[in-house]
Amino acid sequence: MATEQRPFHLVVFGASGFTGQFVTEEVAREQVDPERSSRLPWAVAGRSREKLQRVLEKAALKLGRPTLSSEVGIIICDIANPASLDEMAKQATVVLNCVGPGLSIHDGTWKSAIYGFGDQSNLRKLRNVSNLKPVPLIGPKLKRRWPISYCRELKGYSIPFMGSDVSVVRRTQRYLYENLEESPVQYAAYVTVGGITSVIKLMFAGLFFLFFVRFGIGRQLLIKFPWFFSFGYFSKQGPTQKQIDAASFTLTFFGQGYSQGTGTDKNKPNIKICTQVKGPEAGYVATPIAMVQAAMTLLSDASHLPKAGGVFTPGAAFSKTKLIDRLNKHGIEFSVISSSEV
């Protein structure tokens, strides 16, 4: 709760950045939710008071709230000044950090991919040093698809998803198994890319990218000319409002498991399920919604959060909370498409 020592429930750090503007709008939108009984004190933080004020004015105009600027606190701080960050953190219960790489088709994401793939060998060494025991496998081992495979359910070709999803899910499963004694699941992620022509184009682009990130001069070229080397998908300016309004996302999950009372040692899975998560544009609409609703969950559902501090994956931190219910109410839909016994 906000106190004299921490006057703000929420602080949007980096509110004047490209991503921070969208998160600021979403916090302002949350404050006028008809289901809210009272408004939470919140603030925006960054290096320039003038820029932060312009962000609030823009949000006020877009949301039809002319008094917004006077309702929101402004904190001046800079990542180059650790003392200013301490002062900012002391005033907040929850900090929404929007400083750093963008969250979608933006220059920051492009740079993250370049440095991430360029440094993946060091990441592999760190994981090996941790020497963690693997979580047990329940049922038969999940069969990996070929690098290029046809997905009958989605009627398109798919390739392995190169993001961090698999690593995050594995860490979540480890936490749930070791701390809550829940059976771990096996997981793999793929992205559907359409027809065979799209697959061939993507393969050439991927090989081209992986070759360049291996060398320092290659990485510099990729960073300097993102629009050219990404074939127009990434730019320093970020997506236009028209592109954002026209975009959406759908995640489809196909699972197999066991009905209650069925042994897992020698039997094959006898239950199938298909679930789906879908919503508006992923980077600058859905992500701010998810960030703000996660923050509201931290504030209002603390009794169901992990008791110890630390760094948690979302699945570990929010597994016992009502975050999914909140997201459903705000346009990110979780649904069961089908469920049946085999």
# chains A, B, ... in the order shown; residues from 1 in each chain; ligands from 1

call {"tool": "residues_around", "arguments": {"residues": "Asp325 of chain A", "least_positions_apart": "3", "cutoff": "12 Å", "atoms": "only C-alpha atoms", "output": "short mmCIF file (atom, residue, chain, number, x, y, z; two decimals) with N, CA, C and O atoms, in the first residue's frame"}}
result
data_model
loop_
_atom_site.label_atom_id
_atom_site.label_comp_id
_atom_site.auth_asym_id
_atom_site.auth_seq_id
_atom_site.Cartn_x
_atom_site.Cartn_y
_atom_site.Cartn_z
N ALA A 290 -0.66 -6.61 -20.28
CA ALA A 290 -0.13 -7.67 -19.42
C ALA A 290 0.72 -7.08 -18.28
O ALA A 290 0.62 -7.52 -17.13
N GLN A 293 -1.68 -5.29 -15.71
CA GLN A 293 -2.49 -6.24 -14.96
C GLN A 293 -1.62 -7.09 -14.03
O GLN A 293 -2.07 -7.48 -12.94
N ALA A 294 -0.38 -7.37 -14.43
CA ALA A 294 0.54 -8.06 -13.53
C ALA A 294 0.84 -7.18 -12.32
O ALA A 294 0.89 -7.66 -11.18
N THR A 297 -2.04 -7.18 -10.01
CA THR A 297 -2.07 -8.45 -9.28
C THR A 297 -1.08 -8.43 -8.13
O THR A 297 -1.38 -8.90 -7.03
N PHE A 318 2.84 -15.99 -10.81
CA PHE A 318 1.39 -15.74 -10.85
C PHE A 318 0.54 -17.00 -10.95
O PHE A 318 -0.66 -16.91 -11.20
N SER A 319 1.13 -18.17 -10.74
CA SER A 319 0.40 -19.42 -10.97
C SER A 319 -0.82 -19.57 -10.07
O SER A 319 -1.81 -20.21 -10.45
N LYS A 320 -0.81 -18.98 -8.89
CA LYS A 320 -1.92 -19.12 -7.95
C LYS A 320 -2.78 -17.86 -7.85
O LYS A 320 -3.66 -17.77 -7.00
N THR A 321 -2.55 -16.89 -8.70
CA THR A 321 -3.29 -15.63 -8.64
C THR A 321 -4.43 -15.62 -9.67
O THR A 321 -4.64 -16.59 -10.39
N LYS A 322 -5.11 -14.50 -9.75
CA LYS A 322 -6.21 -14.32 -10.69
C LYS A 322 -5.79 -13.48 -11.90
O LYS A 322 -6.62 -12.80 -12.52
N ASN A 328 -8.32 -11.70 -19.23
CA ASN A 328 -9.54 -11.98 -19.99
C ASN A 328 -10.45 -10.76 -20.04
O ASN A 328 -11.09 -10.48 -21.05
N LYS A 329 -10.53 -10.03 -18.94
CA LYS A 329 -11.41 -8.85 -18.87
C LYS A 329 -10.85 -7.67 -19.66
O LYS A 329 -11.58 -6.72 -19.96
N HIS A 330 -9.57 -7.73 -20.00
CA HIS A 330 -8.93 -6.60 -20.68
C HIS A 330 -8.49 -6.92 -22.10
O HIS A 330 -7.61 -6.27 -22.65
N GLY A 331 -9.10 -7.93 -22.71
CA GLY A 331 -8.89 -8.15 -24.14
C GLY A 331 -7.87 -9.18 -24.53
O GLY A 331 -7.64 -9.40 -25.72
N ILE A 332 -7.22 -9.83 -23.57
CA ILE A 332 -6.31 -10.95 -23.87
C ILE A 332 -7.04 -12.22 -23.45
O ILE A 332 -7.16 -12.50 -22.26
N GLU A 333 -7.53 -12.97 -24.42
CA GLU A 333 -8.47 -14.06 -24.15
C GLU A 333 -7.77 -15.43 -24.04
O GLU A 333 -7.04 -15.83 -24.93
N PHE A 334 -8.05 -16.12 -22.94
CA PHE A 334 -7.59 -17.48 -22.72
C PHE A 334 -8.81 -18.40 -22.87
O PHE A 334 -9.82 -18.18 -22.20
N SER A 335 -8.70 -19.42 -23.70
CA SER A 335 -9.88 -20.27 -23.92
C SER A 335 -9.44 -21.72 -24.21
O SER A 335 -8.34 -21.96 -24.71
#

call {"tool": "select_by_dssp", "arguments": {"residues": "segment 126-295 of chain A", "states": "alpha helix (DSSP H)", "output": "ChimeraX atom specification"}}
result
/A:126-130,165-180,196-212,216-224,226-229,241-246,287-295

call {"tool": "residues_around", "arguments": {"residues": "Asn179 of chain A", "least_positions_apart": "5", "cutoff": "10 Å", "atoms": "only C-alpha atoms", "output": "list in words"}}
result
Gln173, Arg174, Pro306 and Ala316 of chain A

call {"tool": "closest_residue", "arguments": {"among": "A:Ser248, A:Ser130, A:Ser69, A:Gln256", "to": "Tyr187 of chain A", "atoms": "only C-alpha atoms"}}
result
A:Gln256

call {"tool": "atom_distance", "arguments": {"atom1": "atom CA of Leu96 of chain A", "atom2": "atom CA of Ala15 of chain A"}}
result
9.2 Å

call {"tool": "closest_residue", "arguments": {"among": "A:Ile148, A:Leu222, A:Ser183, A:Gln241", "to": "Leu202 of chain A", "atoms": "only C-alpha atoms"}}
result
A:Ile148

call {"tool": "residues_around", "arguments": {"residues": "Gln21 of chain A", "least_positions_apart": "2", "cutoff": "10 Å", "atoms": "only C-alpha atoms", "output": "PyMOL selection string"}}
result
chain A and resi 12+14-19+23-26+44+52+54-56+58-59+98+284+288

call {"tool": "select_by_dssp", "arguments": {"residues": "segment 248-317 of chain A", "states": "strand (DSSP E)", "output": "list of chain:residue names"}}
result
A:Ser248, A:Phe249, A:Thr250, A:Leu251, A:Thr252, A:Phe253, A:Phe254, A:Gly255, A:Gln256, A:Gly257, A:Ile271, A:Lys272, A:Ile273, A:Cys274, A:Thr275, A:Gln276, A:Val277, A:Lys278, A:Gly279, A:Pro280

call {"tool": "atom_distance", "arguments": {"atom1": "atom CA of Ser84 of chain A", "atom2": "atom CA of Arg6 of chain A"}}
result
15.0 Å

call {"tool": "residues_around", "arguments": {"residues": "Phe212 of chain A", "least_positions_apart": "3", "cutoff": "9 Å", "atoms": "only C-alpha atoms", "output": "PyMOL selection string"}}
result
chain A and resi 114+118+207-209+215-219+221-222

call {"tool": "closest_residue", "arguments": {"among": "A:Gly194, A:Pro134, A:Pro82, A:Gly255", "to": "Gln276 of chain A", "atoms": "only C-alpha atoms"}}
result
A:Gly255

call {"tool": "residues_around", "arguments": {"residues": "Phe312 of chain A", "least_positions_apart": "6", "cutoff": "9 Å", "atoms": "only C-alpha atoms", "output": "list in words"}}
result
Arg171, Thr172, Tyr175 and Pro306 of chain A

call {"tool": "decode", "arguments": {"residues": "segment 124-140 of chain A", "atoms": "N, CA and C atoms", "output": "tab-separated table (two decimals), in the first residue's frame"}}
result
chain	number	residue	atom	x	y	z
A	124	ARG	N	25.21	-20.70	-22.90
A	124	ARG	CA	25.23	-22.16	-22.76
A	124	ARG	C	26.23	-22.57	-21.67
A	125	LYS	N	27.37	-21.89	-21.60
A	125	LYS	CA	28.37	-22.20	-20.57
A	125	LYS	C	27.82	-21.92	-19.17
A	126	LEU	N	27.10	-20.81	-19.02
A	126	LEU	CA	26.53	-20.46	-17.72
A	126	LEU	C	25.52	-21.52	-17.27
A	127	ARG	N	24.72	-22.01	-18.21
A	127	ARG	CA	23.74	-23.03	-17.86
A	127	ARG	C	24.43	-24.33	-17.44
A	128	ASN	N	25.52	-24.66	-18.13
A	128	ASN	CA	26.25	-25.88	-17.78
A	128	ASN	C	26.89	-25.78	-16.39
A	129	VAL	N	27.37	-24.57	-16.05
A	129	VAL	CA	28.00	-24.37	-14.74
A	129	VAL	C	27.00	-24.55	-13.61
A	130	SER	N	25.73	-24.18	-13.85
A	130	SER	CA	24.71	-24.28	-12.81
A	130	SER	C	24.48	-25.72	-12.37
A	131	ASN	N	24.72	-26.67	-13.28
A	131	ASN	CA	24.68	-28.11	-12.96
A	131	ASN	C	23.36	-28.52	-12.29
A	132	LEU	N	22.24	-28.03	-12.80
A	132	LEU	CA	20.94	-28.38	-12.24
A	132	LEU	C	20.51	-29.77	-12.70
A	133	LYS	N	19.90	-30.51	-11.79
A	133	LYS	CA	19.38	-31.81	-12.16
A	133	LYS	C	18.13	-31.65	-13.01
A	134	PRO	N	17.98	-32.43	-14.06
A	134	PRO	CA	16.77	-32.31	-14.89
A	134	PRO	C	15.53	-32.73	-14.12
A	135	VAL	N	14.40	-32.06	-14.41
A	135	VAL	CA	13.14	-32.45	-13.78
A	135	VAL	C	12.70	-33.77	-14.41
A	136	PRO	N	11.94	-34.58	-13.71
A	136	PRO	CA	11.55	-35.89	-14.26
A	136	PRO	C	10.62	-35.76	-15.45
A	137	LEU	N	10.69	-36.74	-16.36
A	137	LEU	CA	9.79	-36.79	-17.49
A	137	LEU	C	8.54	-37.57	-17.12
A	138	ILE	N	7.39	-37.01	-17.41
A	138	ILE	CA	6.12	-37.69	-17.16
A	138	ILE	C	5.61	-38.21	-18.48
A	139	GLY	N	5.48	-39.54	-18.61
A	139	GLY	CA	5.03	-40.13	-19.87
A	139	GLY	C	6.16	-40.21	-20.87
A	140	PRO	N	5.86	-40.56	-22.12
A	140	PRO	CA	6.89	-40.67	-23.15
A	140	PRO	C	7.52	-39.32	-23.46
